[in-house]
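J.: Just work-v9.cif, nothing more (mmCIF, C-alpha atoms and all ligand atoms):
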```cif
data_model
#
loop_
_atom_site.label_atom_id
_atom_site.label_comp_id
_atom_site.auth_asym_id
_atom_site.auth_seq_id
_atom_site.Cartn_x
_atom_site.Cartn_y
_atom_site.Cartn_z
CA MET A 1 12.49 -25.31 -26.76
CA THR A 2 14.29 -24.63 -23.48
CA ARG A 3 14.74 -20.94 -22.80
CA LYS A 4 16.45 -19.34 -19.84
CA VAL A 5 14.63 -16.23 -18.74
CA VAL A 6 15.82 -13.93 -15.96
CA VAL A 7 13.21 -11.54 -14.59
CA VAL A 8 14.79 -8.68 -12.64
CA GLY A 9 12.45 -7.03 -10.12
CA GLY A 10 9.96 -8.81 -7.88
CA GLY A 11 7.28 -6.13 -7.55
CA VAL A 12 3.80 -6.94 -8.78
CA ILE A 13 4.91 -6.70 -12.41
CA GLY A 14 7.98 -8.93 -12.23
CA SER A 15 6.16 -11.45 -10.03
CA ALA A 16 3.20 -11.58 -12.44
CA ILE A 17 5.62 -12.09 -15.33
CA ALA A 18 7.51 -14.86 -13.53
CA TYR A 19 4.23 -16.60 -12.74
CA GLU A 20 2.88 -16.29 -16.28
CA LEU A 21 6.12 -17.55 -17.86
CA THR A 22 6.14 -20.66 -15.68
CA SER A 23 3.01 -21.81 -17.50
CA ASN A 24 5.48 -23.06 -20.12
CA PRO A 25 7.28 -25.93 -18.34
CA GLN A 26 10.11 -25.87 -20.87
CA TRP A 27 11.27 -22.42 -19.86
CA GLU A 28 13.67 -21.93 -16.95
CA ILE A 29 12.59 -18.86 -15.04
CA THR A 30 14.66 -17.00 -12.43
CA LEU A 31 13.15 -14.08 -10.53
CA ILE A 32 15.58 -11.70 -8.79
CA ASP A 33 14.89 -8.86 -6.36
CA GLU A 34 17.37 -6.84 -4.35
CA ASN A 35 14.98 -6.91 -1.39
CA GLU A 36 14.58 -9.95 0.85
CA ASN A 37 10.83 -9.40 0.60
CA PRO A 38 9.58 -9.04 -2.96
CA GLY A 39 6.88 -6.41 -3.45
CA SER A 40 8.57 -3.92 -1.10
CA GLY A 41 8.81 -1.14 -3.73
CA ALA A 42 5.91 0.83 -5.21
CA THR A 43 3.75 -2.28 -4.98
CA ALA A 44 3.73 -2.18 -1.17
CA ALA A 45 2.20 1.32 -1.21
CA ALA A 46 -0.62 0.69 -3.69
CA LEU A 47 -4.34 0.54 -2.95
CA GLY A 48 -4.99 -2.12 -5.58
CA VAL A 49 -7.91 -0.33 -7.20
CA LEU A 50 -8.49 -1.84 -10.65
CA MET A 51 -10.13 0.82 -12.80
CA GLY A 52 -10.37 -1.03 -16.07
CA ILE A 53 -13.88 -1.15 -17.51
CA ILE A 54 -14.70 2.19 -15.87
CA SER A 55 -11.60 3.81 -17.39
CA LEU A 56 -12.15 6.35 -20.14
CA LYS A 57 -9.62 4.53 -22.33
CA THR A 58 -11.62 3.11 -25.21
CA LYS A 59 -9.22 1.99 -27.91
CA GLY A 60 -5.69 0.95 -28.74
CA ARG A 61 -3.20 -0.55 -26.34
CA ALA A 62 -4.47 1.46 -23.35
CA TRP A 63 -7.85 -0.28 -23.59
CA THR A 64 -6.72 -3.76 -24.66
CA LEU A 65 -4.27 -4.00 -21.75
CA ARG A 66 -6.96 -2.92 -19.31
CA GLU A 67 -9.54 -5.30 -20.66
CA ALA A 68 -7.11 -8.23 -20.73
CA SER A 69 -6.02 -7.52 -17.15
CA ILE A 70 -9.52 -7.28 -15.73
CA ARG A 71 -10.55 -10.50 -17.47
CA ARG A 72 -7.42 -12.28 -16.26
CA TYR A 73 -7.87 -11.07 -12.66
CA HIS A 74 -11.23 -12.79 -12.45
CA GLN A 75 -9.52 -16.15 -13.13
CA LEU A 76 -6.09 -15.38 -11.65
CA ILE A 77 -7.17 -14.73 -8.05
CA PRO A 78 -9.03 -18.06 -7.57
CA GLU A 79 -6.34 -19.88 -9.59
CA LEU A 80 -3.54 -18.57 -7.33
CA GLU A 81 -5.50 -19.15 -4.13
CA GLU A 82 -6.05 -22.75 -5.10
CA LEU A 83 -2.49 -23.35 -6.27
CA THR A 84 -0.75 -21.72 -3.31
CA GLY A 85 -3.24 -22.07 -0.45
CA LEU A 86 -2.69 -18.35 0.24
CA SER A 87 -5.58 -15.96 0.67
CA ILE A 88 -5.59 -12.86 -1.55
CA PRO A 89 -7.98 -10.31 -0.04
CA HIS A 90 -10.04 -8.67 -2.76
CA ASN A 91 -13.26 -6.72 -3.05
CA LYS A 92 -15.75 -8.13 -5.54
CA ASP A 93 -18.35 -5.40 -4.98
CA GLY A 94 -16.95 -3.34 -7.82
CA THR A 95 -16.14 0.33 -8.15
CA VAL A 96 -18.32 3.43 -7.92
CA LYS A 97 -17.06 6.62 -9.52
CA LEU A 98 -18.72 9.83 -8.37
CA LEU A 99 -19.73 12.23 -11.14
CA LEU A 100 -19.31 15.86 -10.24
CA ASP A 101 -20.85 17.68 -13.22
CA GLU A 102 -23.21 17.24 -16.16
CA GLU A 103 -20.35 16.99 -18.63
CA GLU A 104 -18.99 13.97 -16.75
CA ILE A 105 -22.43 12.39 -16.76
CA SER A 106 -22.78 12.64 -20.51
CA ARG A 107 -19.21 11.32 -20.99
CA TYR A 108 -20.00 8.23 -18.90
CA GLU A 109 -23.39 7.73 -20.58
CA LYS A 110 -21.51 7.40 -23.86
CA LEU A 111 -18.93 5.13 -22.25
CA ALA A 112 -21.69 2.91 -20.82
CA GLN A 113 -23.14 2.47 -24.32
CA LEU A 114 -19.75 1.55 -25.72
CA ARG A 115 -19.01 -0.87 -22.90
CA ALA A 116 -22.43 -2.52 -23.41
CA SER A 117 -21.47 -3.12 -27.05
CA GLN A 118 -18.20 -4.65 -25.77
CA GLY A 119 -20.11 -6.92 -23.39
CA TYR A 120 -19.56 -5.04 -20.09
CA SER A 121 -22.06 -3.47 -17.76
CA LEU A 122 -21.61 0.09 -16.53
CA GLN A 123 -24.57 1.47 -14.61
CA LEU A 124 -25.37 5.17 -14.37
CA TRP A 125 -26.85 6.01 -10.96
CA ASP A 126 -28.88 9.10 -10.20
CA VAL A 127 -28.56 10.85 -6.87
CA GLU A 128 -31.32 8.77 -5.26
CA LYS A 129 -29.72 5.47 -6.18
CA LEU A 130 -26.33 6.74 -5.06
CA ARG A 131 -27.77 7.89 -1.72
CA TYR A 132 -29.21 4.42 -1.14
CA ASN A 133 -26.08 2.49 -2.16
CA CYS A 134 -23.50 4.80 -0.56
CA PRO A 135 -25.27 6.27 2.47
CA GLU A 136 -22.10 7.67 4.04
CA LEU A 137 -21.66 10.10 1.18
CA ASP A 138 -22.70 13.73 1.84
CA ILE A 139 -24.20 14.40 -1.56
CA ALA A 140 -25.60 17.84 -0.78
CA ALA A 141 -22.38 19.27 0.63
CA THR A 142 -20.22 18.03 -2.21
CA ALA A 143 -22.64 18.69 -5.10
CA VAL A 144 -22.24 15.19 -6.50
CA LYS A 145 -24.53 14.82 -9.53
CA GLY A 146 -24.62 11.03 -9.80
CA ALA A 147 -22.29 8.08 -10.22
CA VAL A 148 -21.22 5.36 -12.54
CA TYR A 149 -20.94 1.84 -11.14
CA SER A 150 -18.73 -0.88 -12.59
CA PRO A 151 -19.43 -4.31 -11.07
CA TYR A 152 -16.56 -5.92 -12.97
CA ASP A 153 -13.74 -3.64 -11.66
CA TRP A 154 -12.52 -5.27 -8.46
CA GLN A 155 -9.91 -4.22 -5.91
CA VAL A 156 -7.11 -6.52 -4.78
CA SER A 157 -4.58 -6.23 -1.94
CA PRO A 158 -1.24 -5.83 -3.71
CA THR A 159 1.15 -7.36 -1.16
CA PRO A 160 -0.72 -10.67 -0.66
CA LEU A 161 -1.24 -10.79 -4.43
CA THR A 162 2.50 -10.42 -5.05
CA LYS A 163 3.37 -13.04 -2.44
CA ALA A 164 0.91 -15.45 -4.07
CA LEU A 165 2.35 -14.77 -7.53
CA VAL A 166 5.84 -15.53 -6.21
CA ARG A 167 4.67 -18.67 -4.40
CA GLY A 168 2.77 -19.74 -7.51
CA ALA A 169 5.83 -19.20 -9.70
CA ILE A 170 7.99 -21.24 -7.30
CA THR A 171 5.38 -24.01 -7.20
CA ARG A 172 5.49 -24.15 -10.98
CA GLY A 173 9.29 -24.40 -11.02
CA ALA A 174 10.75 -20.87 -10.94
CA GLN A 175 13.96 -20.14 -9.03
CA CYS A 176 13.92 -17.03 -6.85
CA ILE A 177 16.92 -15.02 -5.69
CA PHE A 178 15.87 -12.41 -3.14
CA GLY A 179 18.13 -10.01 -1.25
CA GLU A 180 20.61 -9.72 -4.14
CA LYS A 181 20.92 -6.83 -6.55
CA VAL A 182 21.56 -7.03 -10.27
CA ILE A 183 24.42 -4.59 -10.73
CA ALA A 184 24.80 -4.83 -14.51
CA LEU A 185 23.46 -6.41 -17.67
CA LYS A 186 26.08 -8.47 -19.54
CA VAL A 187 25.85 -7.43 -23.16
CA ASN A 188 27.81 -8.44 -26.23
CA LYS A 189 28.06 -5.44 -28.54
CA ASP A 190 29.20 -7.57 -31.48
CA SER A 191 26.27 -9.97 -31.42
CA GLY A 192 23.80 -7.34 -30.18
CA ARG A 193 22.63 -9.70 -27.47
CA CYS A 194 22.36 -9.62 -23.72
CA GLU A 195 24.07 -12.71 -22.34
CA GLY A 196 22.88 -12.47 -18.76
CA VAL A 197 23.03 -10.44 -15.57
CA GLU A 198 25.74 -9.67 -13.05
CA LEU A 199 25.06 -9.79 -9.34
CA GLU A 200 27.56 -8.72 -6.63
CA LYS A 201 29.37 -12.06 -6.42
CA TYR A 202 28.46 -14.03 -9.54
CA SER A 203 26.68 -13.82 -12.82
CA LEU A 204 23.81 -15.70 -14.46
CA SER A 205 23.45 -16.47 -18.13
CA ALA A 206 20.13 -15.89 -19.87
CA ASP A 207 18.48 -16.13 -23.27
CA TYR A 208 16.11 -13.32 -22.30
CA VAL A 209 16.30 -10.68 -19.57
CA ILE A 210 13.11 -8.98 -18.47
CA LEU A 211 13.51 -5.70 -16.63
CA ALA A 212 10.69 -5.23 -14.14
CA THR A 213 12.80 -2.92 -12.06
CA GLY A 214 10.57 0.17 -11.74
CA LEU A 215 12.66 3.02 -10.36
CA GLY A 216 15.79 0.82 -10.56
CA THR A 217 15.66 0.70 -14.36
CA THR A 218 17.63 3.79 -15.44
CA PRO A 219 20.91 2.80 -13.67
CA LEU A 220 20.87 -0.55 -15.49
CA LEU A 221 20.26 1.03 -18.90
CA THR A 222 22.60 4.02 -18.75
CA PRO A 223 25.83 1.93 -19.11
CA LEU A 224 24.31 0.44 -22.30
CA GLY A 225 23.96 3.93 -23.77
CA VAL A 226 20.16 3.82 -23.44
CA ASP A 227 18.58 6.89 -21.92
CA ILE A 228 15.19 6.07 -20.41
CA GLN A 229 14.42 8.21 -17.41
CA ILE A 230 11.97 6.95 -14.82
CA GLN A 231 10.70 9.68 -12.54
CA PRO A 232 9.40 8.95 -9.03
CA VAL A 233 5.91 10.31 -8.36
CA LEU A 234 5.19 10.10 -4.69
CA GLY A 235 1.87 8.98 -3.29
CA GLN A 236 0.65 9.05 0.32
CA ALA A 237 -2.25 7.11 1.77
CA LEU A 238 -3.93 6.40 5.10
CA LEU A 239 -5.32 3.36 6.86
CA LEU A 240 -8.50 4.30 8.74
CA LYS A 241 -10.69 2.33 11.11
CA TYR A 242 -14.37 3.15 11.46
CA ASP A 243 -16.69 0.38 12.58
CA ASN A 244 -20.03 2.10 11.88
CA TRP A 245 -19.67 2.67 8.13
CA LEU A 246 -23.10 2.09 6.60
CA HIS A 247 -23.33 -0.28 3.66
CA PRO A 248 -26.77 -1.51 2.62
CA GLU A 249 -27.27 -5.25 2.25
CA GLY A 250 -23.54 -5.81 2.73
CA PHE A 251 -22.71 -3.92 -0.48
CA ASN A 252 -19.37 -2.18 0.13
CA PRO A 253 -17.63 -1.15 -3.11
CA VAL A 254 -14.57 1.01 -3.71
CA ILE A 255 -15.73 4.62 -4.05
CA SER A 256 -13.69 6.98 -6.13
CA GLY A 257 -14.36 10.68 -6.65
CA ASP A 258 -12.32 13.80 -7.19
CA ASP A 259 -9.25 11.52 -7.39
CA ILE A 260 -9.84 10.20 -3.87
CA HIS A 261 -10.24 6.45 -3.41
CA ILE A 262 -12.01 4.92 -0.44
CA THR A 263 -11.14 1.26 -0.36
CA PRO A 264 -13.04 -0.83 2.20
CA LEU A 265 -11.10 -3.71 3.74
CA SER A 266 -12.24 -6.19 6.39
CA ASP A 267 -12.83 -5.34 10.09
CA GLY A 268 -14.10 -1.79 9.50
CA GLN A 269 -10.80 -0.68 7.99
CA PHE A 270 -10.32 1.50 4.91
CA TRP A 271 -7.50 2.66 2.76
CA LEU A 272 -7.79 6.30 1.77
CA GLY A 273 -5.56 7.60 -0.98
CA ALA A 274 -3.65 8.82 -2.68
CA THR A 275 -1.74 12.04 -3.18
CA VAL A 276 0.14 12.65 -6.43
CA GLU A 277 3.44 14.46 -5.76
CA PHE A 278 5.87 15.23 -8.56
CA PRO A 279 9.48 16.17 -7.79
CA SER A 280 10.17 19.88 -8.10
CA GLY A 281 13.28 21.21 -9.84
CA GLN A 282 15.21 22.05 -6.69
CA GLN A 283 14.43 18.88 -4.73
CA SER A 284 17.25 16.36 -4.45
CA GLU A 285 15.11 13.99 -2.38
CA LEU A 286 11.37 13.49 -2.92
CA THR A 287 9.83 13.53 0.56
CA PRO A 288 6.14 13.28 1.53
CA ASN A 289 4.37 16.63 1.78
CA SER A 290 2.26 16.62 4.95
CA ASP A 291 0.05 19.49 3.67
CA LEU A 292 -1.03 17.39 0.69
CA LEU A 293 -1.89 14.43 2.92
CA HIS A 294 -3.90 16.75 5.15
CA LYS A 295 -5.77 18.15 2.12
CA LEU A 296 -6.58 14.61 0.95
CA TYR A 297 -7.99 13.78 4.38
CA GLN A 298 -9.95 17.06 4.58
CA ARG A 299 -11.48 16.53 1.15
CA ALA A 300 -12.38 12.93 2.02
CA THR A 301 -14.18 14.08 5.15
CA GLU A 302 -16.22 16.55 3.06
CA PHE A 303 -17.44 13.59 1.02
CA TYR A 304 -17.80 11.24 4.03
CA PRO A 305 -18.27 13.37 7.19
CA ASN A 306 -18.35 10.31 9.48
CA LEU A 307 -14.73 9.64 8.64
CA THR A 308 -13.85 12.39 11.14
CA GLN A 309 -14.75 9.76 13.75
CA ALA A 310 -12.41 7.21 12.21
CA THR A 311 -9.14 6.34 13.87
CA ILE A 312 -6.10 6.95 11.71
CA MET A 313 -4.15 3.72 12.12
CA LEU A 314 -1.29 4.37 9.74
CA SER A 315 0.02 6.62 7.02
CA TRP A 316 2.56 5.62 4.39
CA SER A 317 4.03 6.69 1.11
CA GLY A 318 5.48 5.10 -1.99
CA LYS A 319 7.03 6.21 -5.26
CA ARG A 320 5.31 5.35 -8.50
CA PRO A 321 7.66 4.70 -11.42
CA HIS A 322 6.69 7.18 -14.16
CA PRO A 323 8.43 7.15 -17.55
CA GLN A 324 9.47 10.53 -18.90
CA GLY A 325 8.86 11.25 -22.57
CA LYS A 326 7.07 7.91 -23.12
CA SER A 327 3.52 6.92 -22.32
CA ALA A 328 3.11 4.42 -19.49
CA PRO A 329 3.58 1.54 -19.47
CA VAL A 330 6.67 0.85 -21.52
CA ILE A 331 6.55 -2.80 -22.60
CA GLU A 332 9.03 -3.25 -25.42
CA ARG A 333 12.17 -4.94 -26.64
CA LEU A 334 15.24 -2.78 -26.11
CA ALA A 335 16.44 -1.52 -29.48
CA PRO A 336 20.18 -2.33 -29.31
CA TYR A 337 19.68 -5.63 -27.44
CA PRO A 338 16.29 -7.07 -28.42
CA ASN A 339 16.47 -10.01 -26.00
CA ILE A 340 16.11 -7.48 -23.19
CA ILE A 341 12.45 -6.69 -22.61
CA LEU A 342 11.50 -3.57 -20.70
CA ALA A 343 8.39 -4.59 -18.89
CA THR A 344 7.74 -2.25 -16.08
CA THR A 345 9.52 0.89 -16.86
CA GLY A 346 6.73 2.96 -15.51
CA HIS A 347 3.28 1.58 -14.96
CA TYR A 348 2.79 4.75 -12.97
CA ARG A 349 -0.67 4.79 -11.34
CA ASN A 350 -1.92 1.52 -12.81
CA GLY A 351 0.73 -1.08 -12.13
CA ILE A 352 -1.53 -3.35 -10.10
CA LEU A 353 -4.27 -3.08 -12.71
CA LEU A 354 -1.95 -3.79 -15.62
CA ALA A 355 0.24 -6.54 -14.12
CA PRO A 356 -1.61 -9.55 -15.60
CA ALA A 357 -1.81 -8.11 -19.14
CA THR A 358 1.84 -7.02 -18.97
CA ALA A 359 2.79 -10.57 -18.07
CA GLN A 360 0.75 -11.97 -20.97
CA THR A 361 2.34 -9.47 -23.37
CA VAL A 362 5.86 -10.41 -22.29
CA LYS A 363 5.10 -14.11 -22.70
CA GLN A 364 3.81 -13.47 -26.19
CA MET A 365 6.90 -11.41 -27.06
CA ILE A 366 9.19 -14.26 -26.01
CA GLU A 367 7.11 -16.80 -27.95
CA GLU A 368 7.41 -14.67 -31.05
CA MET A 369 11.20 -14.25 -30.83
C1 LIG B 401 0.17 5.47 -2.90
C2 LIG B 401 0.07 4.64 -4.16
C3 LIG B 401 -1.17 4.11 -4.51
C4 LIG B 401 -1.29 3.34 -5.68
N1 LIG B 401 -2.50 2.78 -5.96
C5 LIG B 401 -2.64 2.02 -7.09
C6 LIG B 401 -3.90 1.43 -7.40
O1 LIG B 401 -4.88 1.61 -6.66
N2 LIG B 401 -4.00 0.67 -8.53
C7 LIG B 401 -2.93 0.45 -9.35
O2 LIG B 401 -3.09 -0.24 -10.36
N3 LIG B 401 -1.71 1.00 -9.06
C8 LIG B 401 -1.55 1.78 -7.97
N4 LIG B 401 -0.33 2.35 -7.67
C9 LIG B 401 0.77 2.19 -8.63
C10 LIG B 401 1.49 0.85 -8.41
O3 LIG B 401 1.92 0.80 -7.07
C11 LIG B 401 2.70 0.74 -9.32
O4 LIG B 401 2.34 1.06 -10.67
C12 LIG B 401 3.23 -0.70 -9.29
O5 LIG B 401 3.39 -1.14 -7.97
C13 LIG B 401 4.52 -0.80 -10.06
O6 LIG B 401 5.00 -2.11 -9.86
P1 LIG B 401 6.46 -2.53 -10.28
O7 LIG B 401 6.59 -3.99 -10.05
O8 LIG B 401 6.74 -1.98 -11.63
O9 LIG B 401 7.41 -1.67 -9.32
P2 LIG B 401 7.96 -1.99 -7.86
O10 LIG B 401 6.90 -2.52 -6.97
O11 LIG B 401 8.67 -0.78 -7.40
O12 LIG B 401 8.98 -3.18 -8.12
C14 LIG B 401 10.25 -2.99 -8.69
C15 LIG B 401 11.17 -4.00 -7.99
O13 LIG B 401 12.41 -4.04 -8.65
C16 LIG B 401 13.41 -4.26 -7.68
N5 LIG B 401 14.67 -3.81 -8.27
C17 LIG B 401 14.94 -2.60 -8.82
N6 LIG B 401 16.20 -2.57 -9.30
C18 LIG B 401 16.75 -3.79 -9.04
C19 LIG B 401 18.02 -4.37 -9.30
N7 LIG B 401 19.01 -3.67 -9.91
N8 LIG B 401 18.24 -5.65 -8.90
C20 LIG B 401 17.27 -6.37 -8.28
N9 LIG B 401 16.04 -5.85 -8.01
C21 LIG B 401 15.78 -4.58 -8.39
C22 LIG B 401 12.95 -3.44 -6.50
O14 LIG B 401 13.51 -3.94 -5.29
C23 LIG B 401 11.44 -3.63 -6.54
O15 LIG B 401 10.98 -4.69 -5.72
C24 LIG B 401 -0.16 3.11 -6.51
C25 LIG B 401 1.07 3.64 -6.15
C26 LIG B 401 1.20 4.39 -4.97
C27 LIG B 401 2.55 4.92 -4.59
#
```
Translate the structure of the given file into structure tokens.

T.:
Amino acid sequence: MTRKVVVVGGGVIGSAIAYELTSNPQWEITLIDENENPGSGATAAALGVLMGIISLKTKGRAWTLREASIRRYHQLIPELEELTGLSIPHNKDGTVKLLLDEEEISRYEKLAQLRASQGYSLQLWDVEKLRYNCPELDIAATAVKGAVYSPYDWQVSPTPLTKALVRGAITRGAQCIFGEKVIALKVNKDSGRCEGVELEKYSLSADYVILATGLGTTPLLTPLGVDIQIQPVLGQALLLKYDNWLHPEGFNPVISGDDIHITPLSDGQFWLGATVEFPSGQQSELTPNSDLLHKLYQRATEFYPNLTQATIMLSWSGKRPHPQGKSAPVIERLAPYPNIILATTGHYRNGILLAPATAQTVKQMIEEM
């Protein structure tokens, strides 16, 4: 059956949804973003660390979304590269999480057992193994007690990924409208249906409207009498260049510890991130706090002293969409107008990780309607 679906928001979530929906050739998909370049919102700031198998989430939706996403990523990246001819830089060496106390070690020992029963490998490393695999780490100075290594949790560069998702969606028949803002949702109160979206100069009809609008969600919902507040949580990160980083036998995973991610890229470059900055009551504008960025850098150099020799190439910030009063992510049909699906109202710190599973969930929701 032909269905017209409008996806509003071309960040990683909306782009993943548009791509996934085009797998049904009978559906007409339109992806809209107010920016000329999709993926310019929170997605552009992200480090693309995919902490799925290594996450402490073990049951319910939090785990099933993570598992589905990680599984899908392993097919999705080669599938998109082949379909679009675009390269999507990604790190297949997995993720190392540093363990800072005995309690953490026993928590991850239990998690490793559970993951083994679910068919995934998580390896517990003692200090000797960690020293060999991550020789840049100053274990003595930082009192690291060991690590857990997840070979299946990759890292992917969010902007090239989003571009490939958009290109893939277009290749499979989606229409894209970039540089135009959706100013309102056209709803019919009598029928309880959303009939389409209004842009500045025209409107589009739709059978289903998917809101993947991140921080742009609340202004679209308020006129409908729906109060869902999405709070911006700022994050800052750095691009470093250090050509002498030691990595044995070419093994160069993401290393995460004390909420600091070191993400190796090509050409001796690294992303280092990210701060977590909530708005305070008095602030009208959420601006990057330079002290917090400095603290992040200082702490990273305690873990990896050689980073003091790295050149800081760039610093940037972005705002994560964080739902207030609801757990992230919100993927649901809107109560008064069930053909509106909220699909990215706050993936918060895991939007890149959860994009593929979000897209699959939305597809399933449409199929079931
Ligand atoms: C510093 C930092 C590091 C991060 N690192 C990671 C990480 O390692 N791993 C991870 O999984 N996540 C990470 N995240 C979180 C991740 O970036 C977000 O969860 C994710 O990008 C959210 O994607 P999105 O598509 O929902 O939002 P966005 O990328 O913000 O996309 C929303 C889009 O909607 C468009 N839009 C809004 N309103 C309208 C409208 N009315 N009309 C048309 N278009 C509209 C906007 O232009 C925008 O392009 C990080 C975030 C930050 C800030």

J.: What is the atom CA of Glu109 of chain A to atom CA of Trp125 of chain A distance in Å?

T.: 10.4 Å

J.: Find the nearest atom pair between each residue of segment 299-354 of chain A and segment 243-254 of chain A for residues within 9 Å, count all atoms listed in the file, give distances in Å to one decimal, sort rows by chain and ascending number, and present the table as CSV.

T.:
```
residue,atom,partner,partner_atom,distance
A:Asn306,CA,A:Trp245,CA,7.9
A:Leu307,CA,A:Trp245,CA,8.6
A:Ala310,CA,A:Asp243,CA,8.1
```

J.: Applying 12 Å and all atoms listed in the file, which residues near Phe178 of chain A remain after dropping the ones on its own chain fewer than 4 positions away? List them as a list in words.

T.: Val7, Val8, Gly9, Gly10, Gly11, Ser15, Thr30, Leu31, Ile32, Asp33, Glu34, Asn35, Glu36, Asn37, Pro38, Gly39, Ser40, Val166, Val182 and Leu199 of chain A

J.: With distances taken over only C-alpha atoms and all ligand atoms, which of A:Leu286, A:Ile13, A:Val144, A:Leu161 is nearest to ligand LIG 401 (chain B)?

T.: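 Residue with the minimum atom-to-atom distance to ligand LIG 401 (chain B): A:Ile13.
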
J.: Can you tell me which residues come within 7 Å of ligand LIG 401 (chain B) when counting all atoms listed in the file, ideally as an mmCIF file with C-alpha atoms, in the frame of the given file?

T.:
```cif
data_model
loop_
_atom_site.group_PDB
_atom_site.id
_atom_site.type_symbol
_atom_site.label_atom_id
_atom_site.label_comp_id
_atom_site.auth_asym_id
_atom_site.auth_seq_id
_atom_site.Cartn_x
_atom_site.Cartn_y
_atom_site.Cartn_z
ATOM 1 C CA VAL A 8 14.790 -8.680 -12.640
ATOM 2 C CA GLY A 9 12.450 -7.030 -10.120
ATOM 3 C CA GLY A 10 9.960 -8.810 -7.880
ATOM 4 C CA GLY A 11 7.280 -6.130 -7.550
ATOM 5 C CA VAL A 12 3.800 -6.940 -8.780
ATOM 6 C CA ILE A 13 4.910 -6.700 -12.410
ATOM 7 C CA GLY A 14 7.980 -8.930 -12.230
ATOM 8 C CA ILE A 32 15.580 -11.700 -8.790
ATOM 9 C CA ASP A 33 14.890 -8.860 -6.360
ATOM 10 C CA GLU A 34 17.370 -6.840 -4.350
ATOM 11 C CA ASN A 35 14.980 -6.910 -1.390
ATOM 12 C CA PRO A 38 9.580 -9.040 -2.960
ATOM 13 C CA GLY A 39 6.880 -6.410 -3.450
ATOM 14 C CA SER A 40 8.570 -3.920 -1.100
ATOM 15 C CA GLY A 41 8.810 -1.140 -3.730
ATOM 16 C CA ALA A 42 5.910 0.830 -5.210
ATOM 17 C CA THR A 43 3.750 -2.280 -4.980
ATOM 18 C CA ALA A 44 3.730 -2.180 -1.170
ATOM 19 C CA ALA A 45 2.200 1.320 -1.210
ATOM 20 C CA ALA A 46 -0.620 0.690 -3.690
ATOM 21 C CA LEU A 47 -4.340 0.540 -2.950
ATOM 22 C CA GLY A 48 -4.990 -2.120 -5.580
ATOM 23 C CA VAL A 49 -7.910 -0.330 -7.200
ATOM 24 C CA LEU A 50 -8.490 -1.840 -10.650
ATOM 25 C CA GLU A 180 20.610 -9.720 -4.140
ATOM 26 C CA LYS A 181 20.920 -6.830 -6.550
ATOM 27 C CA VAL A 182 21.560 -7.030 -10.270
ATOM 28 C CA ILE A 183 24.420 -4.590 -10.730
ATOM 29 C CA ALA A 212 10.690 -5.230 -14.140
ATOM 30 C CA THR A 213 12.800 -2.920 -12.060
ATOM 31 C CA GLY A 214 10.570 0.170 -11.740
ATOM 32 C CA LEU A 215 12.660 3.020 -10.360
ATOM 33 C CA GLY A 216 15.790 0.820 -10.560
ATOM 34 C CA THR A 217 15.660 0.700 -14.360
ATOM 35 C CA LEU A 220 20.870 -0.550 -15.490
ATOM 36 C CA LEU A 234 5.190 10.100 -4.690
ATOM 37 C CA GLY A 235 1.870 8.980 -3.290
ATOM 38 C CA GLN A 236 0.650 9.050 0.320
ATOM 39 C CA ALA A 237 -2.250 7.110 1.770
ATOM 40 C CA GLY A 273 -5.560 7.600 -0.980
ATOM 41 C CA ALA A 274 -3.650 8.820 -2.680
ATOM 42 C CA THR A 275 -1.740 12.040 -3.180
ATOM 43 C CA SER A 317 4.030 6.690 1.110
ATOM 44 C CA GLY A 318 5.480 5.100 -1.990
ATOM 45 C CA LYS A 319 7.030 6.210 -5.260
ATOM 46 C CA ARG A 320 5.310 5.350 -8.500
ATOM 47 C CA PRO A 321 7.660 4.700 -11.420
ATOM 48 C CA THR A 344 7.740 -2.250 -16.080
ATOM 49 C CA THR A 345 9.520 0.890 -16.860
ATOM 50 C CA GLY A 346 6.730 2.960 -15.510
ATOM 51 C CA HIS A 347 3.280 1.580 -14.960
ATOM 52 C CA TYR A 348 2.790 4.750 -12.970
ATOM 53 C CA ARG A 349 -0.670 4.790 -11.340
ATOM 54 C CA ASN A 350 -1.920 1.520 -12.810
ATOM 55 C CA GLY A 351 0.730 -1.080 -12.130
ATOM 56 C CA ILE A 352 -1.530 -3.350 -10.100
ATOM 57 C CA LEU A 353 -4.270 -3.080 -12.710
ATOM 58 C CA LEU A 354 -1.950 -3.790 -15.620
#
```

J.: For each of A:Pro323, A:Gly281, A:Gly173, A:Pro264, take the minimum atom-to-atom distance to Trp27 of chain A, counting all atoms listed in the file, then give the residue where this is smallest.

T.: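 Under the stated criterion, the closest residue is A:Gly173.
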
J.: Counting all atoms listed in the file, which of A:Leu21, A:Leu76, A:Ile54, A:Leu224 gets nearest to Leu114 of chain A?

T.: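 Once distances to Leu114 of chain A are computed over all atoms listed in the file, the minimum belongs to A:Ile54.
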
J.: Taking all listed atoms of segment 40-54 of chain A, build the axis-aligned box, pad each of the six sides by 5 Å, then write its centre and edge lengths in Å to one decimal as JSON.

T.:
```
{"center_x": -2.9, "center_y": -0.9, "center_z": -9.3, "size_x": 33.5, "size_y": 16.1, "size_z": 26.4}
```
